[in-house]
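Visitor: The structure's right below; bear with me while I get my questions together.
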Amino acid sequence: MPQRIKKAVIPVAGLGTRSLPFSKCIPKEMLPVLETPAIQFIVEECTAAGIEQVILVTSKAKTAIEDHFDLNVSLDSWLKTRGKTALAEKMERLGRLCEVISVRQKEPLGLGHAILCARPILGNEPFVVCLGDEIFPPWTQRPPILTQLVEAFETQKASLVGVVQVERSESRSYGIINIGQATLSDRPVKILSTIEKPAPEKAPSHWAIIGRYVFAPEILDELARVKAGTGGEIQLTDGMDKLAAKGALFALKAEGSRYDMGNPFYFVKAQIDAALRRPEIAPQIQAYLESLCR
Ligand code: UTP
């Protein structure tokens, strides 16, 4: 019987250079979709997948993220004394969503390094990894890809990554998998190898790795053996490639919208998609969008 997955690692220690100047003092993981920060969508996605403990891998500029999941007793009582009970309860629920703890990554030395920073807390358990700047809000897919990955791990008993189809011309922005075939069904498929940000003519498929993973604890040994590359970075894909070489890494197709909050197109699309689902503003937004097309 594989262990049920209870822990999630969310690396949020990157510099967020694509989101400057916003990310100079405010973590890019706090970029909102309407009034909800990206990181809140991600932690809610984790709890929906049965995660009980979220491990944030943070750096010194990121304390706003930890504060967001803390209780704010003075705000709660201010809201309650003014009769804003529903809002007070919403804030209190947020503070009690799940256990959120943090470890520091002292220098942004890559995703693989960030995950290794959580090793003392992970022990010998399987865990999920969610990238802190990529969101799959609740309206995009039922059940969400993270829940599907966690369920697939229970039967597959091996590490899995979410993948989406991308245009070949986009391959330079992603880790691309080689599965020896062009199509993917709804079932996990063994990954033969991975290649980080290949030129289109070198891409082995049009399936790209997204920011949702489930790992057996063996990934930590693989990452510890990875040699640091340019700038001392330890790449997660190097560790994953080692798993693939052992036949111990699978891909699961993710459907529905995903938003890379560091990309201006997806950032704006997220606001529009969310607004069109908000009854009190949807007609106004729709009329505005139609006026632009006239
Ligand atoms: P990205 O590469 O998208 O984030 O990493 P970045 O480096 O912060 O952003 P850009 O590309 O310069 O704009 C995906 C996630 O991994 C975290 C980031 O905070 C982000 O949420 N990350 C990345 C770390 O925690 N540590 C790292 O060393 C690198």
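Going through the structure tokens in order, the chains are called A, B, and so on, while each chain numbers its residues from 1 and the ligands are numbered from 1 in the order shown.
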Per residue of chain A within 6 Å of ligand 1, what are the shortest atom pair and its distance in Å to one decimal, counting only C-alpha atoms and all ligand atoms, with rows by chain and residue number, as JSON lines?
Guide:
{"residue": "A:Pro11", "atom": "CA", "partner": "ligand 1", "partner_atom_place_in_ligand_line": "25 (O)", "distance": 3.7}
{"residue": "A:Val12", "atom": "CA", "partner": "ligand 1", "partner_atom_place_in_ligand_line": "19 (O)", "distance": 3.4}
{"residue": "A:Ala13", "atom": "CA", "partner": "ligand 1", "partner_atom_place_in_ligand_line": "25 (O)", "distance": 3.4}
{"residue": "A:Gly14", "atom": "CA", "partner": "ligand 1", "partner_atom_place_in_ligand_line": "8 (O)", "distance": 3.2}
{"residue": "A:Leu15", "atom": "CA", "partner": "ligand 1", "partner_atom_place_in_ligand_line": "8 (O)", "distance": 4.1}
{"residue": "A:Gly16", "atom": "CA", "partner": "ligand 1", "partner_atom_place_in_ligand_line": "8 (O)", "distance": 3.4}
{"residue": "A:Thr17", "atom": "CA", "partner": "ligand 1", "partner_atom_place_in_ligand_line": "12 (O)", "distance": 3.6}
{"residue": "A:Arg18", "atom": "CA", "partner": "ligand 1", "partner_atom_place_in_ligand_line": "13 (O)", "distance": 3.5}
{"residue": "A:Ser19", "atom": "CA", "partner": "ligand 1", "partner_atom_place_in_ligand_line": "13 (O)", "distance": 5.7}
{"residue": "A:Val57", "atom": "CA", "partner": "ligand 1", "partner_atom_place_in_ligand_line": "25 (O)", "distance": 5.9}
{"residue": "A:Pro108", "atom": "CA", "partner": "ligand 1", "partner_atom_place_in_ligand_line": "28 (O)", "distance": 3.3}
{"residue": "A:Leu109", "atom": "CA", "partner": "ligand 1", "partner_atom_place_in_ligand_line": "28 (O)", "distance": 4.1}
{"residue": "A:Gly110", "atom": "CA", "partner": "ligand 1", "partner_atom_place_in_ligand_line": "28 (O)", "distance": 3.3}
{"residue": "A:Leu111", "atom": "CA", "partner": "ligand 1", "partner_atom_place_in_ligand_line": "29 (C)", "distance": 4.7}
{"residue": "A:Ala114", "atom": "CA", "partner": "ligand 1", "partner_atom_place_in_ligand_line": "26 (N)", "distance": 5.0}
{"residue": "A:Leu131", "atom": "CA", "partner": "ligand 1", "partner_atom_place_in_ligand_line": "15 (C)", "distance": 4.7}
{"residue": "A:Gly132", "atom": "CA", "partner": "ligand 1", "partner_atom_place_in_ligand_line": "21 (O)", "distance": 3.7}
{"residue": "A:Asp133", "atom": "CA", "partner": "ligand 1", "partner_atom_place_in_ligand_line": "21 (O)", "distance": 4.5}
{"residue": "A:Gly262", "atom": "CA", "partner": "ligand 1", "partner_atom_place_in_ligand_line": "13 (O)", "distance": 5.8}
Visitor: Save out the residues we just selected, C-alpha atoms, as a compact mmCIF listing (two decimals), in the first residue's frame.
Guide:
# COMPACT_ATOMS: atom_id res chain seq x y z
CA PRO A 11 8.75 26.88 -3.84
CA VAL A 12 8.26 30.66 -3.67
CA ALA A 13 11.85 31.84 -3.25
CA GLY A 14 12.52 32.92 -6.86
CA LEU A 15 13.33 36.51 -7.78
CA GLY A 16 10.32 36.91 -10.10
CA THR A 17 12.25 38.99 -12.61
CA ARG A 18 9.46 38.79 -15.20
CA SER A 19 7.12 40.55 -12.77
CA VAL A 57 10.22 27.37 0.45
CA PRO A 108 17.68 31.22 -5.57
CA LEU A 109 19.73 28.24 -6.76
CA GLY A 110 17.03 26.61 -8.86
CA LEU A 111 13.88 24.58 -8.36
CA ALA A 114 14.48 24.74 -3.46
CA LEU A 131 4.96 25.93 -8.53
CA GLY A 132 3.97 29.10 -6.73
CA ASP A 133 3.29 31.18 -9.83
CA GLY A 262 4.45 35.75 -14.50
Visitor: Would you list the contacts of stretch 143-145 of chain A as a VMD selection string, taking every protein, DNA or RNA residue within 8 Å and counting only C-alpha atoms, but skipping same-chain residues closer than 3 positions in sequence?
Guide: chain A and resid 45 136 138 140 148 to 149 162 212 254 to 255
Visitor: Can you list every residue of stretch 225-263 of chain A that has an atom at most 12 Å from stretch 270-292 of chain A, with its nearest atom pair and the distance in Å to one decimal, using only C-alpha atoms, ordered by chain then number, as a tab-separated table?
Guide:
residue	atom	partner	partner_atom	distance
A:Ser257	CA	A:Ala270	CA	9.1
A:Arg258	CA	A:Ala270	CA	8.7
A:Tyr259	CA	A:Ala270	CA	6.6
A:Asp260	CA	A:Ala270	CA	9.2
A:Met261	CA	A:Ala270	CA	8.4
A:Gly262	CA	A:Ala270	CA	11.6
A:Asn263	CA	A:Ala270	CA	10.7
Visitor: Write out as a PyMOL selection string which residues come within 7 Å of stretch 186-200 of chain A when counting only C-alpha atoms, dropping same-chain ones fewer than 5 positions away.
Guide: chain A and resi 168-169+171-179+237+241+244-245+247+249-253
Visitor: For the residues in that selection, give me N, CA and C atoms as a tab-separated table (two decimals), in the first residue's frame.
Guide:
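Output file again_34.tsv is given in full below:
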chain	number	residue	atom	x	y	z
A	168	ARG	N	4.84	23.57	-31.01
A	168	ARG	CA	6.28	23.30	-31.07
A	168	ARG	C	7.11	24.59	-30.91
A	169	SER	N	6.57	25.68	-31.47
A	169	SER	CA	7.30	26.96	-31.40
A	169	SER	C	7.47	27.45	-29.96
A	171	SER	N	8.35	25.47	-27.41
A	171	SER	CA	9.11	24.48	-26.64
A	171	SER	C	10.24	25.11	-25.81
A	172	ARG	N	10.77	26.24	-26.27
A	172	ARG	CA	11.87	26.88	-25.54
A	172	ARG	C	11.47	27.40	-24.16
A	173	SER	N	10.17	27.44	-23.86
A	173	SER	CA	9.72	27.93	-22.55
A	173	SER	C	9.43	26.81	-21.56
A	174	TYR	N	9.58	25.54	-21.99
A	174	TYR	CA	9.12	24.43	-21.14
A	174	TYR	C	10.14	23.29	-21.06
A	175	GLY	N	9.93	22.41	-20.07
A	175	GLY	CA	10.56	21.09	-20.09
A	175	GLY	C	9.67	20.22	-20.96
A	176	ILE	N	10.25	19.53	-21.95
A	176	ILE	CA	9.45	18.73	-22.89
A	176	ILE	C	9.75	17.25	-22.64
A	177	ILE	N	8.69	16.42	-22.69
A	177	ILE	CA	8.89	14.99	-22.41
A	177	ILE	C	8.97	14.17	-23.70
A	178	ASN	N	9.72	13.09	-23.60
A	178	ASN	CA	9.76	12.10	-24.68
A	178	ASN	C	8.99	10.89	-24.19
A	179	ILE	N	7.86	10.58	-24.88
A	179	ILE	CA	7.06	9.41	-24.47
A	179	ILE	C	7.00	8.38	-25.59
A	237	THR	N	14.47	19.34	-13.38
A	237	THR	CA	14.36	18.44	-14.54
A	237	THR	C	15.54	17.44	-14.61
A	241	ASP	N	14.87	13.57	-14.87
A	241	ASP	CA	15.40	12.78	-15.98
A	241	ASP	C	16.02	11.47	-15.47
A	244	ALA	N	13.22	9.17	-14.94
A	244	ALA	CA	12.74	8.67	-16.23
A	244	ALA	C	13.65	7.56	-16.75
A	245	ALA	N	14.95	7.73	-16.57
A	245	ALA	CA	15.91	6.72	-17.06
A	245	ALA	C	15.70	5.38	-16.35
A	247	GLY	N	12.73	4.34	-15.54
A	247	GLY	CA	11.34	3.93	-15.82
A	247	GLY	C	10.42	4.26	-14.66
A	249	LEU	N	9.04	7.43	-13.90
A	249	LEU	CA	8.39	8.75	-14.00
A	249	LEU	C	7.29	8.67	-15.06
A	250	PHE	N	6.10	9.16	-14.70
A	250	PHE	CA	4.95	9.08	-15.59
A	250	PHE	C	4.37	10.47	-15.83
A	251	ALA	N	3.67	10.59	-16.98
A	251	ALA	CA	3.02	11.86	-17.33
A	251	ALA	C	1.51	11.67	-17.29
A	252	LEU	N	0.81	12.68	-16.80
A	252	LEU	CA	-0.65	12.67	-16.82
A	252	LEU	C	-1.12	13.98	-17.46
A	253	LYS	N	-2.01	13.82	-18.45
A	253	LYS	CA	-2.48	14.99	-19.20
A	253	LYS	C	-3.38	15.87	-18.33
Visitor: Have a look at A:Thr183, A:Ser102, A:Ala48, A:Phe267 and name the one nearest to A:Lys28; count only C-alpha atoms.
Guide: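 Ranking A:Thr183, A:Ser102, A:Ala48, A:Phe267 by distance to A:Lys28, first place goes to A:Phe267.
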Visitor: Need to verify the contact set: A:Gly239, 7 Å, only C-alpha atoms, exclusion of same-chain residues closer than 3 positions in sequence. Can you return it as number ranges by chain?
Guide: A: 219, 222-223, 226, 236, 242-243
Visitor: Using only C-alpha atoms, can you tell me which of A:Leu220, A:Cys130, A:Leu71, A:Met91 comes closest to A:Cys46?
Guide: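 Nearest to A:Cys46: A:Cys130.
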Visitor: Let's see if you can do this: from backbone DSSP, list all alpha helix (DSSP H) residues in stretch 10-170 of chain A, as a PyMOL selection string.
Guide: chain A and resi 38-48+63-68+73-81+85-95+111-117+119-122+145-156
